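J.: Here it is, the structure in full.
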Amino acid sequence: MPPNPWYRTATFYELLPRAFRDSNGDGVGDLAGIIERLEYLEWLGVDCIWLPPFFDSPLRDGGYDVSDYLSVHPDLGTVEDMAQLLDAGHRRGLRVIADLPINHTSDAHPWFREARMPGSPMRNWYVWDETGSRYPEARIIFLDYEASNWTWDPVAEANYWHRFYHHQPDLNYDNPEVGEAVLDVMRFWLDLGFDGFRLDAVPYLYERDGTNCENLPETHAYLKRVRRTIDEEYGGDRVLLAEANQWPIDAAAYFGDGDECHMNFHFPVMPRLYMALAREHVRDIVKILRDTPPIPETCQWGIFLRNHDELTLEMVTDEDREFMWDVYAPEPASRLNLGIRRRLTPLVGNDRRALELLHGLLFSLPGSPILYYGDEIGMGDDISLPDRDGVRTPMQWDGSLHAGFTGSGVDAAAVYPPIVAAEAYRPEQANVAAQRADPGSLLNWVRSMLAVRREHPEMGRGTFEILEHDNDAVLAFVRGMGSRATLVAVNVSEHPQAVHLPSLAGRVEAGDADLIVDPTGLIVQIGPLEFRWLRLS
Ligand code: TEU
């Protein structure tokens with residue numbers, strides 16, 4: 001069955017179940033709370049919810065440390081609640097994908113508890129080494145927390161392999177039983193009604209001597225097997241979104257020939273959007289997009305401004321990383337691993353023009369936009385909290401105590417992470433209710449842009465052509481599909497700019513003071529930090 005490419009024109013919305021809405025007054029968000037707020041997501045105009053891990057877990061990595069794949073964490077509800085959430089979402093036309101950490105489990109998972117036992121028949125469900133020195137070419141990802149990818153286990157009397165926290169042993173995909181067990185996990189959630197998965201940390205599934213243990217052919221072969229199985233057993237409607245934080249050429253490999261993942265995040269373009277604002281030129285964006293290979297017709301990039309992790313600077317040069325840290329993270333506390341643990345709005349100094357410009361790019365560059373809950377109302381963060389907790393604070397629904405996240409009778413100490421307290425971002429300053437009522441709010445602006453984008457399928461599925469011109473403060477490109485085409489022109493500088501676009505002679509009607517149409521082409525004038533979408537004939 002040919003895939004239904006709904007994901008190519010969809011807008012995704014990542015929300016943390018613990019932080020979205022608490023329905024039962026225990027201070028922790030839950031699935032019933034999400035159900036209460038589906039009306040909001042439908043009103044906003046998103047198409048698909050991405051749910052980060054909701055499984056049982058010791059919560060030492062925000063739930064990415066799974067101890068039971070076939071359960072819902074008791075704080076959040078039950079499997080039955082999840083079925084209701086899926087059903088209620090579908091009735092509103094909202095799809096839902098589950099975030100599945102398949103590279104590793106928690107060390108509290110029964111598979112690992114069994115595997116570490118002396119003589120265990122399950123030993124080879126994980127990756128072991130006597131010396132802890134194998135695979136020396138593999139980088140350490142959580143640099144601020146881990147000194148090695150190996151940790152000694154006194155019970156097993158061997159070292160186990162982990163690409164992330166030491167309490168997250170990597171599963172051993174060389175053991176076919178592991179691949180089978182993970183497929184069964186997928187079947188369980190697809191049977192319940194999920195529309196697909198975000199496949200967490202997929203570049204690291206296999207290890208091989210003499211390699212950096214990323215993007216190995218065996219990993220791609222397994223993902224193709226997952227795709228085949230899901231297509232055969234569930235038809236062409238479910239989506240696989242890879243999380244492969246890699247350079248464009250390696251990232252594009254996760255699409256295969258259209259027979260692997262439907263989507264993959266475009267990690268490298270993200271920091272370059274911020275670099276453009278800081279440098280007031282678009283050369284870095286243009287270069288990375290030119291370095292991005294064409295992808296199969298049925299595939300799609302996922303593009304984003306922020307997510308639940310630090311703003312990763314893994315896919316930039318050392319020099320660019322220092323630049324980004326200098327500009328966007330002058331306080332050491334805002335740096336984490338190779339990134340910046342801040343939310344979108346504080347990153348750009350709460351500058352409405354920058355927020356609109358970045359969203360304008362998010363909604364028009366090649367790929368499906370992925371929003372992070374709270375960014376649509378300009379929520380702040382709290383860098384006094386550990387790890388990434390400061391960008392995972394409760395959604396601010398109204399200006400009341402606890403921001404309408406939970407009942408006002410709830411003890412503040414029960415709400416963790418706490419509601420943002422910084423003056424400019426307190427619930428009184430940034431909340432859904434007030435912004436819904438204010439036609440000029442950021443929230444209503446984002447909503448109206450999503451509505452405009454919905455009328456322009458070329459933004460999702462169309463061709464993408466960067467226009468040559470001589471003003472590198474302006475990114476100009478055309479998205480085209482059939483007889484329709486839209487010019488996007490973005491001025492990343494603090495000064496008014498004009499661009500001369502010879503190839504567009506005769507394709508835009510004048511009638512707008514900022515457009516000069518002459519026989520040599522089109523001249524577009526754009527204000528500081530402004531962008532234009534113009535229909536072309
Ligand atoms: O992140 C995995 C990943 O690929 C990291 O390189 C990530 O890009 C980096 O931390 C920069 O943000 C996933 C989850 O998104 C993250 O929350 C988990 O902590 C991690 O897996 C390990 O489970």
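Labels for the structure tokens follow display order: chains A, B, ..., residues from 1 in each chain, ligands from 1.
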Residues within 7 Å of ligand 1 should be enumerated using only C-alpha atoms and all ligand atoms and returned as a list in words.
T.: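 Taking only C-alpha atoms and all ligand atoms into account, the residues around ligand 1 at most 7 Å away are Asp61, Gly62, Tyr64, Asp65, Pro101, Ile141, Phe142, Phe164, Asp200, Ala201, Glu243, Ala244, Asn245, His308, Asp309, Glu310, Leu311, Thr312 and Gly339 of chain A.
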J.: Which neighbours of segment 117-131 of chain A fall inside 7 Å, counting only C-alpha atoms, when residues of the same chain fewer than 6 positions from it are skipped, and could you give them as a list in words?
T.: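 These residues fall inside the cut-off: Val155, Ala156, Ala158, Asn159, Tyr160, Trp161, Pro169, Asp170, Leu171, Asn172, Asn175 and Val178 of chain A.
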J.: Give me, as a VMD selection string, all polymer residues having an atom no more than 10 Å from Arg187 of chain A, counting only C-alpha atoms and skipping those fewer than 6 positions away in the same chain.
T.: chain A and resid 181 193 to 194 229 to 230 233 to 234
J.: Between A:Arg454, A:Arg392, A:Lys287, A:Arg18, single out the one closest to Arg306 of chain A, counting only C-alpha atoms.
T.: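 With only C-alpha atoms as the atom set, the closest residue is A:Arg392.
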J.: Could you pull out the strand (DSSP E) residues of segment 165-408 of chain A from DSSP and send them as a PyMOL selection string?
T.: chain A and resi 196-200+239-242+263-265+300-304+311-312+335-336+339-340+368-372
J.: For those residues, write C-alpha atoms to a file as a compact mmCIF listing (two decimals), in the first residue's frame.
T.:
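Written file, again_21.txt:
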```
# COMPACT_ATOMS: atom_id res chain seq x y z
CA GLY A 196 3.77 6.08 14.83
CA PHE A 197 6.93 6.63 16.78
CA ARG A 198 9.73 9.05 17.35
CA LEU A 199 12.62 6.60 17.43
CA ASP A 200 14.98 7.97 20.05
CA VAL A 239 4.98 7.17 10.69
CA LEU A 240 8.55 6.61 11.86
CA LEU A 241 10.37 9.79 12.89
CA ALA A 242 14.05 9.12 13.46
CA MET A 263 10.96 11.40 8.74
CA ASN A 264 14.15 12.50 10.44
CA PHE A 265 14.96 15.67 12.31
CA GLN A 300 10.15 14.54 5.07
CA TRP A 301 12.52 16.40 7.37
CA GLY A 302 11.33 17.42 10.81
CA ILE A 303 12.48 20.95 11.59
CA PHE A 304 12.36 22.64 14.96
CA LEU A 311 19.81 23.37 22.11
CA THR A 312 22.40 20.99 20.73
CA ARG A 335 25.57 25.60 29.01
CA LEU A 336 25.12 21.84 29.08
CA GLY A 339 24.62 22.86 24.02
CA ILE A 340 22.50 25.56 25.62
CA SER A 368 7.43 19.62 8.75
CA PRO A 369 7.53 22.08 11.66
CA ILE A 370 7.74 20.70 15.17
CA LEU A 371 6.67 23.08 17.94
CA TYR A 372 7.68 22.71 21.57
```
J.: Residues at most 10 Å from Ser448 of chain A, counting only C-alpha atoms, excluding those fewer than 6 positions away in the same chain, as a list in words?
T.: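 Counting only the stated atoms, we get Leu44, Gly45, Leu442 and Arg454 of chain A.
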J.: What does the file look like for those residues with N, CA and C atoms, as a PDB file, in the first residue's frame?
T.:
```
ATOM      1  N   LEU A  44      -5.433  25.572  18.196  1.00  0.00           N
ATOM      2  CA  LEU A  44      -4.154  26.115  17.739  1.00  0.00           C
ATOM      3  C   LEU A  44      -3.891  25.723  16.279  1.00  0.00           C
ATOM      4  N   GLY A  45      -4.322  24.507  15.917  1.00  0.00           N
ATOM      5  CA  GLY A  45      -4.175  24.094  14.515  1.00  0.00           C
ATOM      6  C   GLY A  45      -2.985  23.198  14.257  1.00  0.00           C
ATOM      7  N   LEU A 442       1.348  36.770  20.651  1.00  0.00           N
ATOM      8  CA  LEU A 442       2.188  35.803  19.937  1.00  0.00           C
ATOM      9  C   LEU A 442       1.391  34.536  19.622  1.00  0.00           C
ATOM     10  N   ARG A 454      -1.486  26.073   6.286  1.00  0.00           N
ATOM     11  CA  ARG A 454      -2.400  25.010   5.870  1.00  0.00           C
ATOM     12  C   ARG A 454      -2.946  25.269   4.462  1.00  0.00           C
TER      13      ARG A 454
END
```
J.: Considering only C-alpha atoms, return as JSON, numbers by chain whatever protein or nucleic-acid residues lie within 7 Å of Tyr173 of chain A, sequence-local ones (same chain, fewer than 4 positions apart) excluded.
T.: {"A": [178, 179, 205, 206]}
J.: For segment 523-536 of chain A, list every protein, DNA or RNA residue within 7 Å, evaluated using only C-alpha atoms, and leave out those in the same chain fewer than 4 positions away; present the list as a PyMOL selection string.
T.: chain A and resi 353-354+357+360+485-501+507-508+514-517
J.: Quick one, how far is atom CA of Leu358 of chain A from atom CA of Glu423 of chain A?
T.: 23.8 Å
J.: I need the helix (DSSP H, G or I) residues of segment 349-386 of chain A per DSSP on the backbone, written as a ChimeraX atom specification.
T.: /A:352-362,375-377
J.: Using the selection just defined, write its residues with N, CA and C atoms as a PDB file, in the first residue's frame.
T.:
```
ATOM      1  N   ARG A 352       9.999  40.041  20.010  1.00  0.00           N
ATOM      2  CA  ARG A 352       8.872  39.527  19.219  1.00  0.00           C
ATOM      3  C   ARG A 352       9.242  39.395  17.735  1.00  0.00           C
ATOM      4  N   ARG A 353      10.066  40.348  17.251  1.00  0.00           N
ATOM      5  CA  ARG A 353      10.440  40.289  15.826  1.00  0.00           C
ATOM      6  C   ARG A 353      11.247  39.024  15.541  1.00  0.00           C
ATOM      7  N   ALA A 354      12.184  38.697  16.436  1.00  0.00           N
ATOM      8  CA  ALA A 354      13.004  37.497  16.242  1.00  0.00           C
ATOM      9  C   ALA A 354      12.155  36.237  16.350  1.00  0.00           C
ATOM     10  N   LEU A 355      11.191  36.255  17.285  1.00  0.00           N
ATOM     11  CA  LEU A 355      10.315  35.079  17.435  1.00  0.00           C
ATOM     12  C   LEU A 355       9.509  34.859  16.157  1.00  0.00           C
ATOM     13  N   GLU A 356       8.970  35.943  15.600  1.00  0.00           N
ATOM     14  CA  GLU A 356       8.177  35.796  14.371  1.00  0.00           C
ATOM     15  C   GLU A 356       9.056  35.367  13.206  1.00  0.00           C
ATOM     16  N   LEU A 357      10.239  35.949  13.128  1.00  0.00           N
ATOM     17  CA  LEU A 357      11.130  35.596  12.022  1.00  0.00           C
ATOM     18  C   LEU A 357      11.506  34.108  12.078  1.00  0.00           C
ATOM     19  N   LEU A 358      11.853  33.633  13.274  1.00  0.00           N
ATOM     20  CA  LEU A 358      12.239  32.224  13.394  1.00  0.00           C
ATOM     21  C   LEU A 358      11.067  31.297  13.060  1.00  0.00           C
ATOM     22  N   HIS A 359       9.872  31.668  13.507  1.00  0.00           N
ATOM     23  CA  HIS A 359       8.700  30.862  13.138  1.00  0.00           C
ATOM     24  C   HIS A 359       8.431  30.939  11.634  1.00  0.00           C
ATOM     25  N   GLY A 360       8.656  32.117  11.064  1.00  0.00           N
ATOM     26  CA  GLY A 360       8.469  32.259   9.609  1.00  0.00           C
ATOM     27  C   GLY A 360       9.369  31.288   8.855  1.00  0.00           C
ATOM     28  N   LEU A 361      10.598  31.114   9.348  1.00  0.00           N
ATOM     29  CA  LEU A 361      11.512  30.146   8.729  1.00  0.00           C
ATOM     30  C   LEU A 361      11.050  28.718   9.009  1.00  0.00           C
ATOM     31  N   LEU A 362      10.688  28.469  10.257  1.00  0.00           N
ATOM     32  CA  LEU A 362      10.237  27.126  10.653  1.00  0.00           C
ATOM     33  C   LEU A 362       9.074  26.654   9.778  1.00  0.00           C
ATOM     34  N   ASP A 375       6.340  27.357  23.726  1.00  0.00           N
ATOM     35  CA  ASP A 375       7.040  28.365  22.918  1.00  0.00           C
ATOM     36  C   ASP A 375       6.041  29.259  22.191  1.00  0.00           C
ATOM     37  N   GLU A 376       4.841  28.730  21.941  1.00  0.00           N
ATOM     38  CA  GLU A 376       3.838  29.537  21.229  1.00  0.00           C
ATOM     39  C   GLU A 376       3.292  30.668  22.094  1.00  0.00           C
ATOM     40  N   ILE A 377       3.516  30.596  23.416  1.00  0.00           N
ATOM     41  CA  ILE A 377       3.106  31.721  24.275  1.00  0.00           C
ATOM     42  C   ILE A 377       4.330  32.448  24.828  1.00  0.00           C
TER      43      ILE A 377
END
```
J.: Out of A:Thr9, A:Thr393, A:Gln84, A:Ser67, which residue has the shortest atom-to-atom distance to Arg113 of chain A when counting only C-alpha atoms?
T.: A:Ser67
J.: Have a look at atom CA of His266 of chain A and atom CA of Ile383 of chain A and let me know their distance in Å, one decimal.
T.: 26.0 Å
J.: Between A:Ile140, A:Pro17, A:Asn4, A:Leu273, which one has atoms that come closest to Asp195 of chain A, using only C-alpha atoms?
T.: A:Asn4
J.: Residues near Ser400 of chain A, anyone? I mean within 12 Å using only C-alpha atoms, not counting same-chain ones fewer than 5 positions away, as a list in words.
T.: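 These residues fall inside the cut-off: Phe405, Thr406, Gly407, Ser408, Gly409, Ile419, Arg426, Pro427, Glu428, Gln429, Ala430, Asn431, Val432, Ala433 and Ala434 of chain A.
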